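So the structure is just underneath, and the comments pick up after that.
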Amino acid sequence: MKKHPMLKYLKEQGPQGDRLPLIMCPGCGSGQVLNFIFMAIDHLINEQGYQKDNFVFISGVGCHARLTSHYLNFDSGWTIHGRTLPIATGALLANPELHPVVITGDGDTGAIGGNHFIHACRRNLDLTIVCLNNKLYGMTGGQSSPTTLNGETTSTNPYGNFEADFDLCELAKTAGATYVARWTTAHPTKSVKAILKGLENRGTSFIEILSQCPTHFKQSPSQMIREYKEKTVRLEKMQEDDAGKIPIGEFQDMRKPDWSSSYRKIVQSVQNKTIQD
Amino acid sequence: MTQDIKFIQGNEVCVEAALYAGLDFFAGYPITPSSEIAEHMAVRLPGIGGKFLQMEDEISSICAITGASLTGHKAMTATSGPGFSLMQEALGYAIMTEIPCVITNVQRGGPSTGLPTHGSQGDVNQARWGTHGDHAIIALTASNHQDLFQITVEAFNLAETYRTPVILLLDEMLGHMREKLIIPKVDEIPVVKRLRTAVPDGVDFHPYLPREDGRLPMSDFGDKHRYNVTGLYHDMWGFPTSDPQVIHGLIHHLMDKIENRVEQLTRYKEYFLEDAEVILISYGSSARSALHIVKNRRKRGERLGLLELQTLWPFPAGLVRRKTRQADFVAVVEMNMGQIVDEVKKVVDQHKRVFLVNRVDGGFITPENIKDMIRLIQGRGV
């Protein structure tokens with residue numbers, strides 16, 4: 001049987017090779033997103049000479065985090081709920097050769113780690129953040145998250161969510177991220193390209209991917225993926241009567257110096273001054 | 001040969017010593033009375049090519065140093081009580097994942113915002129028990145700048161040796177006080193380097209498999225070995241497990257690597273203990289006043305002695321028991337409501353011989369305060 005080409009990035013064999021299959025529920029979008037990430041990385045390794053050892057996966061806590069520690073044939077830190085970005089920040093700045101791939105979720109990024117998210121974007125750290133937005137807390141049983149839509153019923157909003165939802169892409173853009181995009185599991189090619197662009201960008205890249213949770217929304221995966229096509233609209237094609245639809249596409253694509261290159265200039269000026277003194 | 005002599009604040013001593021120990025990454029958040037540590041780091045680190053980062057809060061500060069340490073760099077953060085409270089979550093993560101790092105807490109009055117500009121020793125128990133779950137911790141302190149330099153270097157050494165976070169407990173008095181410091185020459189104090197695995201490329205690396213001597217070699221994120229880290233209970237690969245036998249081994253390992261090495265981890269100083277009838281036990285800046293009164297009363301023929309603890313955790317129970325055996329009574333001098341006195345009571349043969357001599361009003365405990373209380377204990381009146 002022919003193997004999946006991305007299987008090489010998972011721990012399939014050897015003493016640690018008893019981890020597969022993935023722990024995810026049937027129909028979950030997380031495995032799709034992991035595939036998107038691998039395809040982007042595969043391209044960089046094979047086409048652009050990126051070193052595999054330099055990719056480091058950092059995740060928080062939640063369903064998304066399950067993608068990292070169990071299975072990956074990469075260095076990985078499965079960290080603390082919401083603290084994904086500061087730990088990735090420390091690793092990246094201590095070793096700027098790394099390509100940290102921060103896998104996070106809507107709760108991790110939008111709620112408990114919201115402040116870290118804002119400041120990572122503000123610093124324009126050379127990180128690629130892939131946010132799996134399933135619009136609820138899956139691992140703990142389907143509670144509301146900051147991206148749960150108004151009116152949606154969850155286990156902590158049994159009478160319907162009456163709060164406003166967060167647009168994480170708009171937040172990232174406003175906070176200073178230099179590449180921001182939103183796609184869904186129904187847009188695999190666009191998702192892979194966005195992750196690739198994010199990894200190539202020398203700065204903070206935020207790629208939100210709407211990822212279905214059929215378990216807690218009690219819907220069929222195919223129906224949810226179909227809705228990702230029907231209920232989204234390309235940002236550049238948005239019309240007034242598209243209100244209520246989810247904008248997808250690139251929210252930001254600009255270049256400015258990342259934290260490490262700005263800091264390097266400080267280091268050089270201090271060291272030159274010391275030599276002159 | 002000329003000596004490198006400085007007249008600086010305790011907080012700056014901590015910075016110089018950390019650099020001596022090989023630190024090249026600092027992340028922190030401003031908080032009185034520790035801010036000078038961040039400020040001096042900000043001045044010093046770019047010049048040596050190190051990284052200084054002011055984070056958005058104390059939570060992210062400690063997270064950043066754990067991330068930096070995972071890439072093979074020696075890292076520290078510094079804070080005070082309220083910030084130390086915020087750090088407890090990631091402190092537990094560093095303990096569980098066995099990431100070497102140093103957390104300096106320049107103590108101030110608490111709880112809550114408390115008394116930011118005045119000294120206290122109220123976080124001694126928080127250093128031991130602040131993070132959740134069963135764990136062991138190393139916490140060190142010092143009473144003067146020369147010792148602080150030595151102890152700070154040792155904090156980094158112990159962090160590397162035992163792959164654990166180490167808490168450095170200063171207090172406002174020590175952090176802000178200026179006194180003489182002779183900067184030790186290179187190699188005068190041994191510096192422990194990061195122990196990296198010798199496993200060759202292509203052979204599986206076990207980040208949680210101790211060598212025969214108990215040490216656990218590390219790899220760096222970005223190096224050739226695959227390296228997985230998780231805050232969950234994990235096996236020798238660093239992979240999550242719910243196997244009771246593996247969990248049992250992990251928890252005992254985390255406790256035993258510190259609690260079974262109390263003697264090796266104990267740092268202390270003693271003054272006039274041989275014939276002491278009254279033994280003061282103190283630590284940090286309180287020990288300065290305790291030493292003053294001991295020397296003063298010795299001149300008058302009173303047989304006072306001082307045991308100054310530099311290792312607070314793991315608590316040096318055997319040392320305290322041995323040293324206090326002959327004493328009529330023991331007075332623990334500390335600036336809190338009695339955090340070390342309870343430990344002393346647990347180990348001294350008759351706990352009724354143990355008294356607390358403290359001050360918690362924001363003022364510094366003076367030799368006079370100690371003298372008065374000792375006279376009360378002795379039934380001599382003030």
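By convention in this document, the chains of the structure tokens carry letters A, B, ... by their order, each chain's residues are numbered from 1, and ligands are numbered from 1 in the order they are shown.
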
Kindly assemble as a tab-separated table a list of the chain A residues that lie within 9 Å of chain B, each paired with its nearest atom pair and their distance in Å to one decimal, using only C-alpha atoms, sorted first by chain and then by ascending residue number.
```
residue	atom	partner	partner_atom	distance
A:Gly14	CA	B:Asp204	CA	9.0
A:Pro15	CA	B:Asp204	CA	8.6
A:Gln16	CA	B:Trp237	CA	7.8
A:Lys52	CA	B:Gly222	CA	8.6
A:Asp53	CA	B:Gly222	CA	5.1
A:Asn54	CA	B:Gly222	CA	4.6
A:Phe55	CA	B:Gly222	CA	6.9
A:Val56	CA	B:Gly222	CA	7.0
A:Thr68	CA	B:Asn228	CA	8.6
A:Ser69	CA	B:Asn228	CA	6.2
A:His70	CA	B:Phe239	CA	6.2
A:Leu72	CA	B:Asn228	CA	8.5
A:Asn73	CA	B:Arg226	CA	6.7
A:Phe74	CA	B:Arg226	CA	5.8
A:Asp75	CA	B:Tyr227	CA	4.7
A:Ser76	CA	B:Asn228	CA	4.8
A:Gly77	CA	B:Val229	CA	4.7
A:Trp78	CA	B:Thr230	CA	4.7
A:Thr79	CA	B:Thr230	CA	6.0
A:Ile80	CA	B:Gly231	CA	7.2
A:Arg83	CA	B:Cys63	CA	6.9
A:Thr84	CA	B:Cys63	CA	8.5
A:Leu85	CA	B:Ser60	CA	8.2
A:Pro86	CA	B:Ser60	CA	5.0
A:Ile87	CA	B:Gly67	CA	4.5
A:Ala88	CA	B:Gly67	CA	6.0
A:Thr89	CA	B:Ala64	CA	5.9
A:Gly90	CA	B:Ala64	CA	3.9
A:Ala91	CA	B:Gly67	CA	4.3
A:Leu92	CA	B:Ala68	CA	7.5
A:Leu93	CA	B:Lys51	CA	7.2
A:Ala94	CA	B:Ala68	CA	5.1
A:Asn95	CA	B:Thr71	CA	6.5
A:Glu97	CA	B:Gly222	CA	7.9
A:Leu98	CA	B:Gly222	CA	6.3
A:His99	CA	B:Gly222	CA	8.8
A:Asn115	CA	B:Glu56	CA	7.5
A:His116	CA	B:Glu56	CA	7.0
A:His119	CA	B:Glu56	CA	6.8
A:Tyr263	CA	B:Pro46	CA	8.3
A:Arg264	CA	B:Gly49	CA	8.5
A:Ile266	CA	B:Pro46	CA	7.0
A:Val267	CA	B:Pro46	CA	4.7
A:Gln268	CA	B:Pro46	CA	8.1
A:Ser269	CA	B:Gly47	CA	8.9
A:Val270	CA	B:Gly47	CA	5.6
A:Gln271	CA	B:Gly47	CA	5.3
A:Thr274	CA	B:Gly47	CA	7.6
```

Output file for the residues above (C-alpha atoms, as a CSV table (one decimal), in the first residue's frame):
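Result written to again.csv:
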```
chain,number,residue,atom,x,y,z
A,14,GLY,CA,10.7,2.8,16.0
A,15,PRO,CA,10.2,2.6,19.8
A,16,GLN,CA,8.1,5.8,19.7
A,52,LYS,CA,14.2,20.2,9.1
A,53,ASP,CA,15.9,20.4,12.5
A,54,ASN,CA,15.1,24.1,12.7
A,55,PHE,CA,11.4,23.6,12.7
A,56,VAL,CA,10.0,23.6,16.2
A,68,THR,CA,2.2,18.2,18.6
A,69,SER,CA,3.5,16.1,21.4
A,70,HIS,CA,2.3,12.7,20.5
A,72,LEU,CA,5.6,14.7,15.5
A,73,ASN,CA,8.9,13.9,14.1
A,74,PHE,CA,10.0,17.4,14.9
A,75,ASP,CA,11.2,19.1,18.2
A,76,SER,CA,8.0,20.0,20.0
A,77,GLY,CA,6.9,21.8,23.1
A,78,TRP,CA,3.4,21.0,24.3
A,79,THR,CA,3.2,23.9,26.8
A,80,ILE,CA,0.7,25.6,29.1
A,83,ARG,CA,1.3,30.4,27.1
A,84,THR,CA,2.2,29.1,23.7
A,85,LEU,CA,3.5,32.4,22.4
A,86,PRO,CA,5.7,33.5,25.2
A,87,ILE,CA,7.5,30.1,25.3
A,88,ALA,CA,7.9,30.3,21.5
A,89,THR,CA,9.1,33.8,21.9
A,90,GLY,CA,11.9,32.7,24.3
A,91,ALA,CA,12.9,29.8,22.1
A,92,LEU,CA,13.0,32.0,18.9
A,93,LEU,CA,14.8,34.9,20.3
A,94,ALA,CA,17.4,32.7,22.0
A,95,ASN,CA,18.0,30.9,18.8
A,97,GLU,CA,17.7,30.2,13.4
A,98,LEU,CA,14.6,28.4,14.5
A,99,HIS,CA,11.3,28.4,12.6
A,115,ASN,CA,-2.6,39.4,25.9
A,116,HIS,CA,0.4,37.3,24.7
A,119,HIS,CA,2.1,41.5,22.1
A,263,TYR,CA,17.6,43.9,18.1
A,264,ARG,CA,20.6,42.9,16.1
A,266,ILE,CA,21.0,47.6,18.8
A,267,VAL,CA,23.6,44.9,19.6
A,268,GLN,CA,25.8,46.2,16.8
A,269,SER,CA,25.6,49.8,17.8
A,270,VAL,CA,26.3,49.0,21.5
A,271,GLN,CA,29.3,46.8,20.6
A,274,THR,CA,32.2,49.8,23.3
```

Exercise: Cys121 (chain A) partners within 9 Å, only C-alpha atoms, chain neighbours under 3 positions left out, as a ChimeraX atom specification
/A:116-118,124-125,172-178,203-206

Hey, can you spit out that residue selection with N, CA and C atoms as a PDB file, in the first residue's frame?
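Output below, filename again-v6.pdb:
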```
ATOM      1  N   HIS A 116      -0.859  37.739  25.364  1.00  0.00           N
ATOM      2  CA  HIS A 116       0.399  37.297  24.736  1.00  0.00           C
ATOM      3  C   HIS A 116       0.291  37.406  23.210  1.00  0.00           C
ATOM      4  N   PHE A 117      -0.902  37.092  22.708  1.00  0.00           N
ATOM      5  CA  PHE A 117      -1.152  37.149  21.268  1.00  0.00           C
ATOM      6  C   PHE A 117      -0.949  38.573  20.749  1.00  0.00           C
ATOM      7  N   ILE A 118      -1.562  39.522  21.434  1.00  0.00           N
ATOM      8  CA  ILE A 118      -1.448  40.931  21.022  1.00  0.00           C
ATOM      9  C   ILE A 118       0.026  41.351  20.985  1.00  0.00           C
ATOM     10  N   ASN A 124       6.216  41.846  16.234  1.00  0.00           N
ATOM     11  CA  ASN A 124       6.541  41.273  14.925  1.00  0.00           C
ATOM     12  C   ASN A 124       7.670  40.243  15.035  1.00  0.00           C
ATOM     13  N   LEU A 125       7.442  39.287  15.931  1.00  0.00           N
ATOM     14  CA  LEU A 125       8.399  38.184  16.087  1.00  0.00           C
ATOM     15  C   LEU A 125       8.303  37.278  14.865  1.00  0.00           C
ATOM     16  N   ALA A 172      -5.235  40.455  15.101  1.00  0.00           N
ATOM     17  CA  ALA A 172      -3.826  40.265  14.738  1.00  0.00           C
ATOM     18  C   ALA A 172      -3.329  41.410  13.857  1.00  0.00           C
ATOM     19  N   LYS A 173      -4.171  41.782  12.921  1.00  0.00           N
ATOM     20  CA  LYS A 173      -3.795  42.856  11.991  1.00  0.00           C
ATOM     21  C   LYS A 173      -3.593  44.170  12.740  1.00  0.00           C
ATOM     22  N   THR A 174      -4.564  44.489  13.590  1.00  0.00           N
ATOM     23  CA  THR A 174      -4.486  45.739  14.359  1.00  0.00           C
ATOM     24  C   THR A 174      -3.272  45.738  15.284  1.00  0.00           C
ATOM     25  N   ALA A 175      -2.974  44.562  15.854  1.00  0.00           N
ATOM     26  CA  ALA A 175      -1.865  44.493  16.818  1.00  0.00           C
ATOM     27  C   ALA A 175      -0.499  44.549  16.132  1.00  0.00           C
ATOM     28  N   GLY A 176      -0.447  44.351  14.806  1.00  0.00           N
ATOM     29  CA  GLY A 176       0.836  44.540  14.124  1.00  0.00           C
ATOM     30  C   GLY A 176       1.399  43.330  13.411  1.00  0.00           C
ATOM     31  N   ALA A 177       0.635  42.245  13.334  1.00  0.00           N
ATOM     32  CA  ALA A 177       1.120  41.074  12.594  1.00  0.00           C
ATOM     33  C   ALA A 177       1.296  41.458  11.124  1.00  0.00           C
ATOM     34  N   THR A 178       2.325  40.918  10.475  1.00  0.00           N
ATOM     35  CA  THR A 178       2.630  41.357   9.109  1.00  0.00           C
ATOM     36  C   THR A 178       2.052  40.437   8.036  1.00  0.00           C
ATOM     37  N   GLY A 203       8.513  37.733  10.117  1.00  0.00           N
ATOM     38  CA  GLY A 203       7.715  38.531  11.036  1.00  0.00           C
ATOM     39  C   GLY A 203       6.575  37.678  11.540  1.00  0.00           C
ATOM     40  N   THR A 204       5.681  38.282  12.309  1.00  0.00           N
ATOM     41  CA  THR A 204       4.577  37.506  12.867  1.00  0.00           C
ATOM     42  C   THR A 204       3.533  37.223  11.793  1.00  0.00           C
ATOM     43  N   SER A 205       3.275  35.941  11.581  1.00  0.00           N
ATOM     44  CA  SER A 205       2.242  35.528  10.635  1.00  0.00           C
ATOM     45  C   SER A 205       1.154  34.813  11.412  1.00  0.00           C
ATOM     46  N   PHE A 206      -0.065  35.196  11.128  1.00  0.00           N
ATOM     47  CA  PHE A 206      -1.191  34.571  11.825  1.00  0.00           C
ATOM     48  C   PHE A 206      -2.129  33.976  10.793  1.00  0.00           C
TER      49      PHE A 206
END
```

Residue with smallest distance to Phe315 (chain B) - pool B:Lys193, B:Arg261, B:Arg359, B:Arg108, counting only C-alpha atoms:
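Smallest distance to Phe315 (chain B) is found for B:Arg261.
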
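The nearest approach to Lys218 (chain A) among the residues A:Arg234, A:Pro146, A:Cys28, A:Phe166, with only C-alpha atoms taken into account, belongs to A:Cys28.
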
Among region 104-257 of chain B, which residues does DSSP mark as alpha helix (DSSP H) when it is run on the backbone? Keep the chain and numbering as in the structure and answer as a PyMOL selection string.
chain B and resi 124-129+145-162+172-176+244-257

Suppose we keep C-alpha atoms; can you now write the selection as a PDB file, in the first residue's frame?
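Okay, this is what ended up in result_25.pdb:
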```
ATOM      1  CA  VAL B 124       9.572  31.664  51.637  1.00  0.00           C
ATOM      2  CA  ASN B 125       6.676  29.222  51.749  1.00  0.00           C
ATOM      3  CA  GLN B 126       5.369  30.374  48.384  1.00  0.00           C
ATOM      4  CA  ALA B 127       8.741  29.474  46.892  1.00  0.00           C
ATOM      5  CA  ARG B 128       8.297  25.970  48.301  1.00  0.00           C
ATOM      6  CA  TRP B 129       4.600  25.385  47.798  1.00  0.00           C
ATOM      7  CA  HIS B 145      26.737  41.208  48.380  1.00  0.00           C
ATOM      8  CA  GLN B 146      29.776  38.962  48.332  1.00  0.00           C
ATOM      9  CA  ASP B 147      27.675  35.951  49.335  1.00  0.00           C
ATOM     10  CA  LEU B 148      24.915  36.995  46.953  1.00  0.00           C
ATOM     11  CA  PHE B 149      27.347  36.853  44.052  1.00  0.00           C
ATOM     12  CA  GLN B 150      28.462  33.364  45.038  1.00  0.00           C
ATOM     13  CA  ILE B 151      24.905  32.123  45.674  1.00  0.00           C
ATOM     14  CA  THR B 152      23.605  33.513  42.378  1.00  0.00           C
ATOM     15  CA  VAL B 153      26.290  31.623  40.460  1.00  0.00           C
ATOM     16  CA  GLU B 154      25.414  28.526  42.480  1.00  0.00           C
ATOM     17  CA  ALA B 155      21.740  28.984  41.621  1.00  0.00           C
ATOM     18  CA  PHE B 156      22.624  28.642  37.937  1.00  0.00           C
ATOM     19  CA  ASN B 157      24.952  25.733  38.686  1.00  0.00           C
ATOM     20  CA  LEU B 158      22.305  23.822  40.617  1.00  0.00           C
ATOM     21  CA  ALA B 159      19.693  24.543  37.942  1.00  0.00           C
ATOM     22  CA  GLU B 160      21.949  22.969  35.332  1.00  0.00           C
ATOM     23  CA  THR B 161      23.145  20.093  37.506  1.00  0.00           C
ATOM     24  CA  TYR B 162      19.679  18.996  38.570  1.00  0.00           C
ATOM     25  CA  GLU B 172      14.043  44.703  49.204  1.00  0.00           C
ATOM     26  CA  MET B 173      16.693  45.532  51.776  1.00  0.00           C
ATOM     27  CA  LEU B 174      19.338  43.394  50.111  1.00  0.00           C
ATOM     28  CA  GLY B 175      18.268  44.336  46.582  1.00  0.00           C
ATOM     29  CA  HIS B 176      18.482  48.078  47.144  1.00  0.00           C
ATOM     30  CA  PRO B 244       0.745   4.159  36.781  1.00  0.00           C
ATOM     31  CA  GLN B 245       4.196   2.616  36.981  1.00  0.00           C
ATOM     32  CA  VAL B 246       5.741   5.320  34.804  1.00  0.00           C
ATOM     33  CA  ILE B 247       3.906   8.098  36.676  1.00  0.00           C
ATOM     34  CA  HIS B 248       5.035   6.674  40.009  1.00  0.00           C
ATOM     35  CA  GLY B 249       8.619   6.750  38.766  1.00  0.00           C
ATOM     36  CA  LEU B 250       8.312  10.287  37.421  1.00  0.00           C
ATOM     37  CA  ILE B 251       6.878  11.820  40.597  1.00  0.00           C
ATOM     38  CA  HIS B 252       9.431  10.058  42.773  1.00  0.00           C
ATOM     39  CA  HIS B 253      12.208  11.165  40.436  1.00  0.00           C
ATOM     40  CA  LEU B 254      11.084  14.819  40.609  1.00  0.00           C
ATOM     41  CA  MET B 255      11.003  14.665  44.415  1.00  0.00           C
ATOM     42  CA  ASP B 256      14.034  12.470  45.007  1.00  0.00           C
ATOM     43  CA  LYS B 257      16.471  14.310  42.759  1.00  0.00           C
TER      44      LYS B 257
END
```

If you run DSSP on the backbone, which residues of region 108-138 of chain B are strand (DSSP E or B), as a list in words?
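Assigned to strand (DSSP E or B), within region 108-138 of chain B: Arg108, Gly109, Leu115, Pro116, Thr117, His118, Gly119 and Ile138 of chain B.
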
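Within the 12 Å cut-off around Arg297 (chain B), using only C-alpha atoms and omitting residues fewer than 3 positions from it on the same chain, the listed residues are Phe272, Ala276, Val278, Ala290, Leu291, His292, Ile293, Val294, Arg300, Gly301, Glu302, Arg303, Leu304, Gly305, Leu306, Pro367, Glu368, Ile370, Lys371, Ile374 and Arg375 of chain B.
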
Compare A:Leu20, A:Ile246, A:Ala40, A:Ile112 by their minimum atom-to-atom distance to Leu149 (chain A), counting only C-alpha atoms, and give me the closest one.
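When distances to Leu149 (chain A) are compared using only C-alpha atoms, the smallest one comes from A:Ile246.
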
Residue neighbourhood region 182-184 of chain A, 7 Å, only C-alpha atoms, exclusion window fewer than 3 positions, as an NGL selection string:
:A and (169 or 187 or 190-191 or 207-211 or 228 or 248-250)

Just N, CA, C and O atoms for this one: save the residues we selected as a PDB file, in the first residue's frame.
```pdb
ATOM      1  N   CYS A 169      -8.451  37.545  13.313  1.00  0.00           N
ATOM      2  CA  CYS A 169      -7.625  38.093  12.230  1.00  0.00           C
ATOM      3  C   CYS A 169      -7.569  39.617  12.302  1.00  0.00           C
ATOM      4  O   CYS A 169      -6.500  40.216  12.123  1.00  0.00           O
ATOM      5  N   HIS A 187     -10.827  24.772   2.307  1.00  0.00           N
ATOM      6  CA  HIS A 187      -9.939  25.472   1.375  1.00  0.00           C
ATOM      7  C   HIS A 187      -8.506  24.974   1.560  1.00  0.00           C
ATOM      8  O   HIS A 187      -7.628  25.742   1.979  1.00  0.00           O
ATOM      9  N   LYS A 190      -5.567  26.858  -0.490  1.00  0.00           N
ATOM     10  CA  LYS A 190      -5.369  28.216   0.030  1.00  0.00           C
ATOM     11  C   LYS A 190      -4.704  28.156   1.409  1.00  0.00           C
ATOM     12  O   LYS A 190      -3.836  28.966   1.737  1.00  0.00           O
ATOM     13  N   SER A 191      -5.127  27.187   2.211  1.00  0.00           N
ATOM     14  CA  SER A 191      -4.561  27.059   3.562  1.00  0.00           C
ATOM     15  C   SER A 191      -3.073  26.746   3.492  1.00  0.00           C
ATOM     16  O   SER A 191      -2.263  27.366   4.201  1.00  0.00           O
ATOM     17  N   ILE A 207      -2.261  32.673  10.812  1.00  0.00           N
ATOM     18  CA  ILE A 207      -3.146  31.994   9.868  1.00  0.00           C
ATOM     19  C   ILE A 207      -4.221  31.285  10.671  1.00  0.00           C
ATOM     20  O   ILE A 207      -3.941  30.346  11.426  1.00  0.00           O
ATOM     21  N   GLU A 208      -5.429  31.779  10.535  1.00  0.00           N
ATOM     22  CA  GLU A 208      -6.554  31.159  11.227  1.00  0.00           C
ATOM     23  C   GLU A 208      -7.224  30.189  10.261  1.00  0.00           C
ATOM     24  O   GLU A 208      -7.502  30.554   9.116  1.00  0.00           O
ATOM     25  N   ILE A 209      -7.443  28.986  10.728  1.00  0.00           N
ATOM     26  CA  ILE A 209      -8.128  28.013   9.878  1.00  0.00           C
ATOM     27  C   ILE A 209      -9.362  27.513  10.620  1.00  0.00           C
ATOM     28  O   ILE A 209      -9.246  26.949  11.725  1.00  0.00           O
ATOM     29  N   LEU A 210     -10.520  27.779  10.056  1.00  0.00           N
ATOM     30  CA  LEU A 210     -11.752  27.278  10.657  1.00  0.00           C
ATOM     31  C   LEU A 210     -11.760  25.765  10.488  1.00  0.00           C
ATOM     32  O   LEU A 210     -11.586  25.253   9.383  1.00  0.00           O
ATOM     33  N   SER A 211     -11.910  25.090  11.606  1.00  0.00           N
ATOM     34  CA  SER A 211     -11.728  23.638  11.630  1.00  0.00           C
ATOM     35  C   SER A 211     -12.927  23.027  12.355  1.00  0.00           C
ATOM     36  O   SER A 211     -13.207  23.385  13.506  1.00  0.00           O
ATOM     37  N   TYR A 228     -18.660  25.684   5.362  1.00  0.00           N
ATOM     38  CA  TYR A 228     -17.484  26.556   5.266  1.00  0.00           C
ATOM     39  C   TYR A 228     -17.382  27.176   3.870  1.00  0.00           C
ATOM     40  O   TYR A 228     -16.839  28.263   3.711  1.00  0.00           O
ATOM     41  N   ILE A 248     -13.085  35.470   4.447  1.00  0.00           N
ATOM     42  CA  ILE A 248     -11.867  34.657   4.353  1.00  0.00           C
ATOM     43  C   ILE A 248     -10.928  35.290   3.330  1.00  0.00           C
ATOM     44  O   ILE A 248     -11.357  36.040   2.463  1.00  0.00           O
ATOM     45  N   GLY A 249      -9.649  34.966   3.468  1.00  0.00           N
ATOM     46  CA  GLY A 249      -8.650  35.534   2.561  1.00  0.00           C
ATOM     47  C   GLY A 249      -7.505  36.136   3.348  1.00  0.00           C
ATOM     48  O   GLY A 249      -7.301  35.803   4.525  1.00  0.00           O
ATOM     49  N   GLU A 250      -6.759  37.007   2.696  1.00  0.00           N
ATOM     50  CA  GLU A 250      -5.605  37.637   3.339  1.00  0.00           C
ATOM     51  C   GLU A 250      -6.001  38.985   3.929  1.00  0.00           C
ATOM     52  O   GLU A 250      -6.451  39.870   3.205  1.00  0.00           O
TER      53      GLU A 250
END
```

Here is a test: counting only C-alpha atoms, which residue of B:Ser80, B:Gln9, B:Thr141, B:Thr2 is nearest to Leu170 (chain B)?
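Of B:Ser80, B:Gln9, B:Thr141, B:Thr2, the one nearest Leu170 (chain B) is B:Thr141, counting only C-alpha atoms.
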